[in-house]
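Colleague: mmCIF, C-alpha atoms and all ligand atoms, file data.cif:
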data_entry
#
loop_
_atom_site.label_atom_id
_atom_site.label_comp_id
_atom_site.auth_asym_id
_atom_site.auth_seq_id
_atom_site.Cartn_x
_atom_site.Cartn_y
_atom_site.Cartn_z
CA MET F 12 -36.20 79.54 77.63
CA SER F 13 -35.21 83.05 78.58
CA LEU F 14 -35.25 85.98 80.95
CA GLU F 15 -37.38 88.79 79.65
CA MET F 16 -38.10 92.36 80.68
CA LYS F 17 -41.08 94.00 79.03
CA HIS F 18 -41.42 97.78 79.27
CA VAL F 19 -40.01 97.83 82.80
CA PHE F 20 -39.97 101.09 84.77
CA TYR F 21 -38.59 101.39 88.29
CA THR F 22 -38.72 104.42 90.56
CA TYR F 23 -37.00 104.61 93.95
CA GLN F 24 -38.82 106.50 96.69
CA GLU F 25 -41.75 107.41 94.48
CA GLY F 26 -43.48 110.62 95.49
CA SER F 27 -40.69 111.78 97.82
CA PRO F 28 -38.25 114.61 97.05
CA ALA F 29 -35.55 111.94 96.62
CA GLU F 30 -37.53 110.19 93.87
CA SER F 31 -35.28 108.58 91.28
CA HIS F 32 -36.40 107.12 87.96
CA ALA F 33 -33.80 104.36 87.84
CA LEU F 34 -35.27 102.35 84.95
CA GLN F 35 -37.31 103.73 82.10
CA ASP F 36 -39.00 101.45 79.60
CA ILE F 37 -36.51 98.59 79.60
CA CYS F 38 -37.19 95.87 77.03
CA LEU F 39 -34.68 93.04 77.11
CA ASN F 40 -34.60 89.39 76.19
CA ILE F 41 -31.78 87.20 77.46
CA ASN F 42 -31.61 83.76 75.89
CA GLU F 43 -30.46 80.64 77.64
CA GLY F 44 -26.78 80.01 76.97
CA GLU F 45 -25.88 83.65 76.29
CA PHE F 46 -23.02 85.69 77.77
CA LEU F 47 -24.52 89.15 78.08
CA GLY F 48 -22.49 92.14 79.21
CA ILE F 49 -24.07 95.21 80.81
CA VAL F 50 -22.12 98.48 80.84
CA GLY F 51 -22.97 102.04 81.77
CA HIS F 52 -21.57 104.75 83.99
CA THR F 53 -22.31 105.14 87.70
CA GLY F 54 -26.00 105.55 88.45
CA SER F 55 -27.16 104.47 84.97
CA GLY F 56 -29.37 101.71 86.43
CA LYS F 57 -27.31 98.51 85.98
CA SER F 58 -27.73 97.16 89.52
CA THR F 59 -31.39 98.13 89.56
CA LEU F 60 -31.92 96.26 86.29
CA ILE F 61 -30.28 93.02 87.39
CA GLN F 62 -32.11 92.98 90.71
CA HIS F 63 -35.31 92.67 88.67
CA LEU F 64 -34.09 89.50 87.00
CA ASN F 65 -34.65 87.33 90.09
CA GLY F 66 -37.57 89.27 91.48
CA LEU F 67 -35.62 91.02 94.22
CA LEU F 68 -37.07 94.29 92.96
CA LYS F 69 -40.57 94.50 91.55
CA PRO F 70 -41.14 96.81 88.57
CA SER F 71 -43.10 100.00 89.21
CA LYS F 72 -44.55 99.23 85.78
CA GLY F 73 -43.97 96.45 83.25
CA GLU F 74 -43.24 92.73 83.47
CA VAL F 75 -40.34 90.41 84.21
CA LEU F 76 -40.62 86.86 82.90
CA ILE F 77 -38.48 83.92 83.94
CA ASP F 78 -38.81 81.16 81.36
CA GLY F 79 -42.05 82.67 80.15
CA ILE F 80 -43.69 83.18 83.57
CA ASN F 81 -44.34 86.64 84.98
CA ILE F 82 -42.79 86.25 88.43
CA ASN F 83 -44.68 89.14 89.96
CA GLN F 84 -48.18 88.08 89.01
CA LYS F 85 -50.43 86.62 91.73
CA GLU F 86 -50.86 83.34 89.83
CA ALA F 87 -47.10 82.67 90.08
CA LYS F 88 -47.07 82.86 93.90
CA ALA F 89 -46.78 79.10 94.48
CA GLN F 90 -43.95 78.85 91.96
CA ARG F 91 -42.16 82.08 92.85
CA LYS F 92 -39.49 80.65 95.14
CA GLU F 93 -38.51 77.99 92.62
CA LEU F 94 -38.56 80.49 89.73
CA ARG F 95 -36.35 82.92 91.63
CA MET F 96 -33.86 80.16 92.36
CA ARG F 97 -33.32 79.66 88.65
CA VAL F 98 -31.53 83.02 88.69
CA GLY F 99 -28.40 83.20 90.84
CA LEU F 100 -27.55 86.79 91.73
CA VAL F 101 -24.03 87.71 92.82
CA PHE F 102 -23.91 91.20 94.30
CA GLN F 103 -21.00 93.59 94.04
CA TYR F 104 -18.41 92.69 96.71
CA PRO F 105 -20.26 89.44 97.59
CA GLU F 106 -17.53 88.58 100.11
CA TYR F 107 -19.17 91.00 102.53
CA GLN F 108 -22.09 88.60 102.71
CA LEU F 109 -20.04 85.68 104.03
CA PHE F 110 -21.14 84.87 107.55
CA GLU F 111 -20.72 81.20 108.43
CA GLU F 112 -17.90 79.74 110.54
CA THR F 113 -16.42 77.58 107.81
CA VAL F 114 -16.15 77.68 104.04
CA GLU F 115 -18.14 74.45 103.79
CA LEU F 116 -21.04 75.80 105.87
CA ASP F 117 -21.10 79.06 103.98
CA ILE F 118 -21.27 77.48 100.53
CA GLY F 119 -23.78 74.91 101.80
CA PHE F 120 -26.11 77.50 103.28
CA GLY F 121 -28.21 78.00 100.11
CA PRO F 122 -28.63 74.31 99.23
CA ARG F 123 -29.41 73.47 102.88
CA ASN F 124 -32.01 76.22 102.86
CA MET F 125 -33.53 74.61 99.77
CA GLY F 126 -34.24 71.57 101.95
CA LEU F 127 -31.77 69.21 100.27
CA LYS F 128 -30.40 66.13 102.04
CA GLU F 129 -26.99 66.55 103.74
CA SER F 130 -25.33 64.19 101.24
CA GLU F 131 -26.65 66.31 98.35
CA VAL F 132 -25.57 69.52 100.10
CA THR F 133 -22.01 68.14 100.44
CA ALA F 134 -22.00 67.02 96.81
CA ARG F 135 -23.10 70.48 95.68
CA VAL F 136 -20.50 72.23 97.85
CA GLN F 137 -17.77 70.03 96.37
CA GLU F 138 -19.00 70.59 92.84
CA ALA F 139 -19.26 74.37 93.23
CA MET F 140 -15.79 74.56 94.77
CA ALA F 141 -14.34 72.44 91.97
CA LEU F 142 -15.91 74.75 89.37
CA LEU F 143 -14.09 77.70 90.91
CA LYS F 144 -10.88 75.75 91.52
CA LEU F 145 -11.18 75.98 95.31
CA ASP F 146 -9.63 72.96 97.00
CA TYR F 147 -12.32 71.28 99.12
CA LYS F 148 -10.00 69.33 101.41
CA THR F 149 -7.75 72.21 102.42
CA LEU F 150 -10.42 74.91 102.60
CA ARG F 151 -13.58 73.24 103.91
CA LYS F 152 -12.87 73.76 107.62
CA GLN F 153 -11.22 77.17 107.28
CA SER F 154 -12.99 80.34 108.29
CA PRO F 155 -13.95 82.28 105.14
CA PHE F 156 -12.74 85.41 106.90
CA ASP F 157 -9.14 84.13 106.92
CA LEU F 158 -8.96 83.80 103.14
CA SER F 159 -7.49 86.25 100.62
CA GLY F 160 -9.79 88.76 98.93
CA GLY F 161 -9.97 86.78 95.69
CA GLN F 162 -10.68 83.51 97.49
CA LYS F 163 -13.37 85.08 99.68
CA ARG F 164 -15.12 86.25 96.57
CA LYS F 165 -14.90 82.80 95.00
CA VAL F 166 -16.41 81.25 98.14
CA ALA F 167 -19.29 83.71 97.96
CA ILE F 168 -19.86 82.91 94.28
CA ALA F 169 -19.59 79.17 94.97
CA GLY F 170 -22.47 79.65 97.44
CA VAL F 171 -24.61 80.92 94.56
CA LEU F 172 -23.43 78.20 92.15
CA ALA F 173 -24.22 75.50 94.72
CA MET F 174 -27.88 76.36 94.25
CA LYS F 175 -27.44 75.34 90.59
CA PRO F 176 -28.99 78.37 88.97
CA LYS F 177 -29.76 78.27 85.28
CA TYR F 178 -28.88 81.92 84.89
CA LEU F 179 -25.91 83.49 86.68
CA VAL F 180 -26.05 87.26 87.15
CA LEU F 181 -22.95 89.04 88.44
CA ASP F 182 -22.63 92.69 89.45
CA GLU F 183 -19.05 93.89 88.85
CA PRO F 184 -17.54 90.53 89.85
CA THR F 185 -13.94 91.60 89.21
CA ALA F 186 -14.05 94.97 91.01
CA GLY F 187 -11.15 95.26 93.42
CA LEU F 188 -9.39 92.06 92.30
CA ASP F 189 -5.73 92.29 91.26
CA PRO F 190 -5.01 91.76 87.54
CA ARG F 191 -4.10 88.08 88.01
CA GLY F 192 -7.15 87.33 90.17
CA ARG F 193 -9.28 89.14 87.65
CA GLU F 194 -7.96 87.23 84.66
CA GLU F 195 -8.27 83.89 86.46
CA PHE F 196 -11.80 84.63 87.55
CA LEU F 197 -12.95 85.66 84.08
CA GLU F 198 -11.41 82.55 82.55
CA GLN F 199 -13.40 80.44 85.02
CA LEU F 200 -16.53 82.33 84.17
CA GLN F 201 -15.85 81.65 80.50
CA THR F 202 -15.48 77.93 81.29
CA LEU F 203 -18.85 77.94 83.10
CA HIS F 204 -20.34 79.58 80.04
CA GLN F 205 -18.81 76.99 77.74
CA GLN F 206 -20.39 74.32 79.95
CA GLY F 207 -23.79 75.82 79.17
CA MET F 208 -24.40 78.37 81.94
CA THR F 209 -26.12 81.62 80.95
CA ILE F 210 -24.02 84.53 82.19
CA ILE F 211 -25.12 88.11 82.67
CA MET F 212 -22.25 90.31 83.83
CA VAL F 213 -22.16 93.97 84.80
CA SER F 214 -18.70 95.46 84.27
CA HIS F 215 -16.97 98.79 83.88
CA SER F 216 -14.24 97.21 81.82
CA MET F 217 -14.69 97.49 78.08
CA ASP F 218 -11.66 95.22 77.61
CA ASP F 219 -13.42 92.45 79.54
CA MET F 220 -16.57 92.99 77.51
CA ALA F 221 -14.64 92.90 74.25
CA ARG F 222 -13.10 89.61 75.29
CA TYR F 223 -15.96 87.71 76.90
CA ALA F 224 -19.40 89.09 76.07
CA GLN F 225 -21.35 87.74 73.09
CA ARG F 226 -23.82 90.59 73.30
CA MET F 227 -23.80 93.87 75.20
CA ILE F 228 -26.21 96.49 76.39
CA VAL F 229 -25.12 100.02 77.18
CA MET F 230 -27.18 101.80 79.84
CA ASP F 231 -27.54 105.53 80.26
CA HIS F 232 -30.01 107.38 82.53
CA GLY F 233 -32.09 104.26 83.15
CA GLN F 234 -32.43 103.37 79.49
CA ILE F 235 -30.77 100.97 77.08
CA GLN F 236 -28.92 103.26 74.70
CA LEU F 237 -27.07 100.69 72.62
CA GLU F 238 -27.49 96.96 72.17
CA GLY F 239 -25.55 94.53 70.02
CA LYS F 240 -22.47 92.35 69.59
CA PRO F 241 -19.25 93.87 70.98
CA HIS F 242 -17.94 94.66 67.49
CA GLU F 243 -21.19 96.47 66.68
CA ILE F 244 -21.00 98.51 69.89
CA PHE F 245 -17.31 99.30 69.56
CA SER F 246 -17.73 100.33 65.94
CA GLN F 247 -19.48 103.43 67.33
CA PRO F 248 -16.74 104.74 69.64
CA GLU F 249 -17.98 108.33 69.33
CA LYS F 250 -21.37 107.34 70.82
CA LEU F 251 -19.70 105.63 73.76
CA LEU F 252 -17.38 108.54 74.42
CA GLN F 253 -20.35 110.93 74.13
CA ILE F 254 -22.16 109.22 77.02
CA GLY F 255 -18.98 109.26 79.07
CA LEU F 256 -17.91 105.67 78.52
CA ASP F 257 -14.62 104.25 77.47
CA VAL F 258 -13.70 102.02 74.54
CA PRO F 259 -11.37 98.98 74.65
CA SER F 260 -7.71 99.98 75.00
CA LEU F 261 -6.77 98.84 71.48
CA THR F 262 -9.69 100.77 69.97
CA LYS F 263 -8.41 103.79 71.90
CA LEU F 264 -4.98 103.27 70.35
CA LEU F 265 -6.52 103.24 66.85
CA LEU F 266 -8.49 106.41 67.63
CA GLU F 267 -5.27 108.11 68.71
CA LEU F 268 -3.47 107.03 65.54
CA LYS F 269 -6.37 108.37 63.49
CA GLN F 270 -6.15 111.69 65.34
CA ARG F 271 -2.48 111.82 64.38
CA GLY F 272 -3.49 111.56 60.76
CA LEU F 273 -3.21 107.85 60.05
CA ASP F 274 -6.01 106.44 57.94
CA VAL F 275 -6.79 103.47 60.21
CA ARG F 276 -10.10 101.73 60.92
CA THR F 277 -11.35 102.44 64.44
CA ASP F 278 -13.93 99.67 64.77
CA LEU F 279 -11.46 96.95 65.80
CA PHE F 280 -10.52 95.74 69.28
CA GLU F 281 -9.04 92.24 68.95
CA PRO F 282 -5.20 92.18 69.22
CA GLU F 283 -4.60 90.31 65.95
CA ALA F 284 -7.02 92.47 63.96
CA VAL F 285 -5.55 95.69 65.38
CA LYS F 286 -2.00 94.54 64.65
CA ASP F 287 -2.95 93.64 61.05
CA GLU F 288 -4.64 97.00 60.56
CA ILE F 289 -1.62 98.95 61.85
CA MET F 290 0.72 96.84 59.70
CA ARG F 291 -1.48 97.47 56.65
CA VAL F 292 -1.35 101.24 57.14
CA ILE F 293 2.39 101.22 57.83
CA LYS F 294 2.98 99.26 54.62
CA GLU F 295 0.76 101.66 52.68
CA LYS F 296 2.74 104.59 54.02
CA ASP F 297 5.71 102.73 52.55
CA GLY F 298 8.36 103.91 54.93
CA ARG F 299 7.27 107.54 55.02
CA GLY F 300 7.11 107.39 58.87
CA ILE F 301 4.11 107.35 61.15
CA CYS F 302 4.04 110.76 62.80
N1 LIG K 401 -31.95 102.70 97.41
C1 LIG K 401 -32.03 103.74 96.59
N2 LIG K 401 -32.79 104.83 96.89
C2 LIG K 401 -32.89 105.89 96.04
N3 LIG K 401 -32.27 105.97 94.85
C3 LIG K 401 -31.48 104.92 94.51
C4 LIG K 401 -31.31 103.76 95.34
N4 LIG K 401 -30.47 102.89 94.72
C5 LIG K 401 -30.14 103.48 93.56
N5 LIG K 401 -30.72 104.68 93.43
C6 LIG K 401 -30.61 105.62 92.27
O1 LIG K 401 -31.05 104.91 91.11
C7 LIG K 401 -30.21 105.20 90.00
C8 LIG K 401 -29.64 103.89 89.44
O2 LIG K 401 -28.79 103.33 90.42
P1 LIG K 401 -28.03 101.95 90.21
O3 LIG K 401 -27.43 101.60 91.52
O4 LIG K 401 -28.95 100.96 89.59
O5 LIG K 401 -26.91 102.36 89.17
P2 LIG K 401 -25.61 101.56 88.68
O6 LIG K 401 -25.56 101.68 87.21
O7 LIG K 401 -25.63 100.18 89.25
O8 LIG K 401 -24.42 102.40 89.30
P3 LIG K 401 -22.94 101.93 89.78
O9 LIG K 401 -22.10 101.78 88.54
O10 LIG K 401 -22.46 103.06 90.62
O11 LIG K 401 -23.08 100.64 90.56
C9 LIG K 401 -29.17 106.19 90.50
O12 LIG K 401 -29.60 107.48 90.19
C10 LIG K 401 -29.16 105.98 92.00
O13 LIG K 401 -28.82 107.16 92.68
MG MG K 402 -24.34 99.17 90.55
#
What is this file in structure tokens?
Ligand SMILES: Nc1ncnc2c1ncn2[C@@H]1O[C@H](COP(=O)(O)OP(=O)(O)OP(=O)(O)O)[C@@H](O)[C@H]1O
Ligand SMILES: [Mg+2]

Modeller:
Amino acid sequence: MSLEMKHVFYTYQEGSPAESHALQDICLNINEGEFLGIVGHTGSGKSTLIQHLNGLLKPSKGEVLIDGININQKEAKAQRKELRMRVGLVFQYPEYQLFEETVELDIGFGPRNMGLKESEVTARVQEAMALLKLDYKTLRKQSPFDLSGGQKRKVAIAGVLAMKPKYLVLDEPTAGLDPRGREEFLEQLQTLHQQGMTIIMVSHSMDDMARYAQRMIVMDHGQIQLEGKPHEIFSQPEKLLQIGLDVPSLTKLLLELKQRGLDVRTDLFEPEAVKDEIMRVIKEKDGRGIC
């Protein structure tokens, strides 16, 4: 089972002077159980791409398949709603979409809309809140608007999780969170992944990608420029820098050491591996000093 994009093109405002070719020939297969990271600079097409995954946007050309079914074909009409619900989409700054009077009503909105019984809606709200470590008893009657930024965001994401999607797609979920909120959120996302959820995450942070993604795609001008495991992507730092992207901070440190004349590898990003590499080079220099 998978999400698949086959030769997808998408153009905004086709035929007008503001026409923008946001996606150009995207071919992508996301397998169930994966943690896929999507990076790329502003305007490279990341949000446009993920909005195709649940049928919110329809390709100008090409096909999008959810578990093997082309969601945009006429024959899938009867199934479309159910297919789209398999993919939970969390927009950037999802807290702006909170609107109900209480946390419980807000998280329950999706499941209630699916026509589930009240007892099932409550069970799903409790489960989703537990997954994100939101305390049901203390928060259920509170207004979502009175919560902190990080908690608002968790409530918004719990609303998506309560619909029990098979695939969870998040657009910059940590943007604007403080470092602690960010770390905590990513750890929870990792736990969801370990419990079997497929995660597709757009992020600007190469450090987060290095730590959590199993596979990455790098977007540039509406196309997938690089695709592979984080170590494969980060072993080509020059390519990333060339298209205006960063590398993980420890890779950057190695690049700087190399520039200063140290013969270090620059394709590493994990703390232990970087430490070992620096120690190796220092030992080789045998006390002759680094700089
Ligand atoms: N509603 C729209 N109308 C016209 N052009 C649009 C629209 N939304 C996006 N675009 C254009 O499509 C291209 C891709 O935009 P998109 O929002 O997918 O990029 P992104 O990678 O998500 O950027 P960011 O990192 O800033 O979120 C950009 O050139 C953008 O200007
Ligand atoms: Mg975007």

Colleague: Go ahead and compute the interatomic distance for atom CA of F:Asp36 and atom CA of F:Gly233, in Å to one decimal.

Modeller: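 Atom CA of F:Asp36 sits 8.3 Å away from atom CA of F:Gly233.
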
Colleague: Please report as a Markdown table every residue of chain F lying within 10 Å of ligand LIG 401 (chain K), along with the nearest atom pair and their distance in Å (one decimal), using only C-alpha atoms and all ligand atoms.

Modeller:
| residue | atom | partner | partner_atom | distance |
| --- | --- | --- | --- | --- |
| F:Tyr21 | CA | K:LIG401 | O1 | 8.8 |
| F:Thr22 | CA | K:LIG401 | O1 | 7.7 |
| F:Tyr23 | CA | K:LIG401 | C2 | 4.8 |
| F:Gln24 | CA | K:LIG401 | C2 | 6.0 |
| F:Glu25 | CA | K:LIG401 | C2 | 9.1 |
| F:Ser27 | CA | K:LIG401 | C2 | 9.9 |
| F:Ala29 | CA | K:LIG401 | C2 | 6.6 |
| F:Glu30 | CA | K:LIG401 | C2 | 6.7 |
| F:Ser31 | CA | K:LIG401 | N3 | 5.3 |
| F:His32 | CA | K:LIG401 | O1 | 6.6 |
| F:Ala33 | CA | K:LIG401 | C7 | 4.3 |
| F:Leu34 | CA | K:LIG401 | C8 | 7.4 |
| F:Ile49 | CA | K:LIG401 | O6 | 9.2 |
| F:Val50 | CA | K:LIG401 | O6 | 7.9 |
| F:Gly51 | CA | K:LIG401 | O6 | 6.0 |
| F:His52 | CA | K:LIG401 | O9 | 5.5 |
| F:Thr53 | CA | K:LIG401 | O9 | 3.5 |
| F:Gly54 | CA | K:LIG401 | O5 | 3.4 |
| F:Ser55 | CA | K:LIG401 | O6 | 3.9 |
| F:Gly56 | CA | K:LIG401 | O4 | 3.3 |
| F:Lys57 | CA | K:LIG401 | O6 | 3.8 |
| F:Ser58 | CA | K:LIG401 | O7 | 3.7 |
| F:Thr59 | CA | K:LIG401 | O4 | 3.7 |
| F:Leu60 | CA | K:LIG401 | O4 | 6.5 |
| F:Ile61 | CA | K:LIG401 | O4 | 8.3 |
| F:Gln62 | CA | K:LIG401 | O4 | 8.7 |
| F:Gln103 | CA | K:LIG401 | O11 | 8.1 |
| F:Asp182 | CA | K:LIG401 | O11 | 8.0 |
| F:Glu183 | CA | K:LIG401 | O11 | 8.0 |
| F:Val213 | CA | K:LIG401 | O7 | 8.4 |
| F:Ser214 | CA | K:LIG401 | O9 | 8.4 |
| F:His215 | CA | K:LIG401 | O9 | 7.5 |
| F:Met230 | CA | K:LIG401 | O6 | 7.5 |
| F:Asp231 | CA | K:LIG401 | O6 | 8.2 |
| F:His232 | CA | K:LIG401 | O12 | 7.7 |
| F:Gly233 | CA | K:LIG401 | C8 | 6.8 |

Colleague: If we count all atoms listed in the file and set the cut-off at 8 Å, which residues sit around F:Glu111, ignoring sequence neighbours fewer than 5 positions away in its own chain? Please answer as a list in words.

Modeller: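 Near neighbours after the sequence-gap exclusion: Leu116, Asp117, Ser154 and Pro155 of chain F.
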
Colleague: Take the residues from that selection and write them out as an mmCIF file, keeping the file's coordinate frame, keeping C-alpha atoms.

Modeller:
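The resulting file, out_13.cif, is shown below:
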data_model
loop_
_atom_site.group_PDB
_atom_site.id
_atom_site.type_symbol
_atom_site.label_atom_id
_atom_site.label_comp_id
_atom_site.auth_asym_id
_atom_site.auth_seq_id
_atom_site.Cartn_x
_atom_site.Cartn_y
_atom_site.Cartn_z
ATOM 1 C CA LEU F 116 -21.040 75.800 105.870
ATOM 2 C CA ASP F 117 -21.100 79.060 103.980
ATOM 3 C CA SER F 154 -12.990 80.340 108.290
ATOM 4 C CA PRO F 155 -13.950 82.280 105.140
#

Colleague: To one decimal place, how far is atom CA of F:Leu76 from atom CA of F:Ile235 in Å?

Modeller: 18.2 Å

Colleague: Which stretch 156-221 of chain F residues have any atom within 8 Å of an atom of stretch 131-146 of chain F, and for each, what is the nearest pair of atoms with distance in Å to one decimal, counting all atoms listed in the file, rows sorted by chain and number, as JSON lines?

Modeller:
{"residue": "F:Gln162", "atom": "CA", "partner": "F:Leu145", "partner_atom": "CA", "distance": 7.9}
{"residue": "F:Lys165", "atom": "CA", "partner": "F:Leu143", "partner_atom": "CA", "distance": 6.6}
{"residue": "F:Val166", "atom": "CA", "partner": "F:Met140", "partner_atom": "CA", "distance": 7.5}
{"residue": "F:Ala169", "atom": "CA", "partner": "F:Ala139", "partner_atom": "CA", "distance": 5.1}
{"residue": "F:Gly170", "atom": "CA", "partner": "F:Ala139", "partner_atom": "CA", "distance": 7.5}
{"residue": "F:Leu172", "atom": "CA", "partner": "F:Ala139", "partner_atom": "CA", "distance": 5.8}
{"residue": "F:Ala173", "atom": "CA", "partner": "F:Arg135", "partner_atom": "CA", "distance": 5.2}
{"residue": "F:Met174", "atom": "CA", "partner": "F:Arg135", "partner_atom": "CA", "distance": 7.7}
{"residue": "F:Gln199", "atom": "CA", "partner": "F:Leu143", "partner_atom": "CA", "distance": 6.5}
{"residue": "F:Leu203", "atom": "CA", "partner": "F:Leu142", "partner_atom": "CA", "distance": 7.6}

Colleague: Taking 3 positions as the minimum chain separation for residues in the same chain, which residues sit within 10 Å of stretch 244-256 of chain F when counting all atoms listed in the file? Answer as a list in words.

Modeller: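 Answer for this query is Val50, Gly51, His52, His215, Ser216, Met217, Ala221, Arg226, Met227, Ile228, Val229, Met230, Asp231, His232, Gln236, Leu237, Glu238, Gly239, Lys240, Pro241, Pro259, Thr262, Lys263, Leu266, Arg276, Thr277, Asp278, Leu279 and Phe280 of chain F.
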
Colleague: Given only C-alpha atoms and all ligand atoms as the basis, pick out the residue of F:His204, F:Lys17, F:Met212, F:Phe110 nearest to ligand MG 402 (chain K).

Modeller: F:Met212

Colleague: Grab the atom CA of F:Val75 to atom CA of F:Val19 distance for me, in Å with one decimal place.

Modeller: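 The value is 7.6 Å.
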
Colleague: So which one's closest to F:Gly121, F:Lys286, F:Arg222, F:Lys175, F:Lys294? Using only C-alpha atoms, please.

Modeller: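 When distances to F:Gly121 are compared using only C-alpha atoms, the smallest one comes from F:Lys175.
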
Colleague: I'd like to know which of F:Ala87, F:Ala186, F:Leu197, F:Val114 is closest to ligand MG 402 (chain K), using all atoms listed in the file.

Modeller: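 Nearest to ligand MG 402 (chain K): F:Ala186.
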
Colleague: Using all atoms listed in the file, can you list as an NGL selection string the residues within 12 Å of (-37.5, 81.9, 93.3)?

Modeller: :F and (63-67 or 76-77 or 80-83 or 87-100 or 125 or 174 or 176-177)

Colleague: In terms of the shortest atom-to-atom distance over all atoms listed in the file, which of F:Gly73, F:Arg151, F:Tyr104, F:Lys163 is closest to ligand MG 402 (chain K)?

Modeller: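 The shortest atom-to-atom distance to ligand MG 402 (chain K) comes from F:Tyr104.
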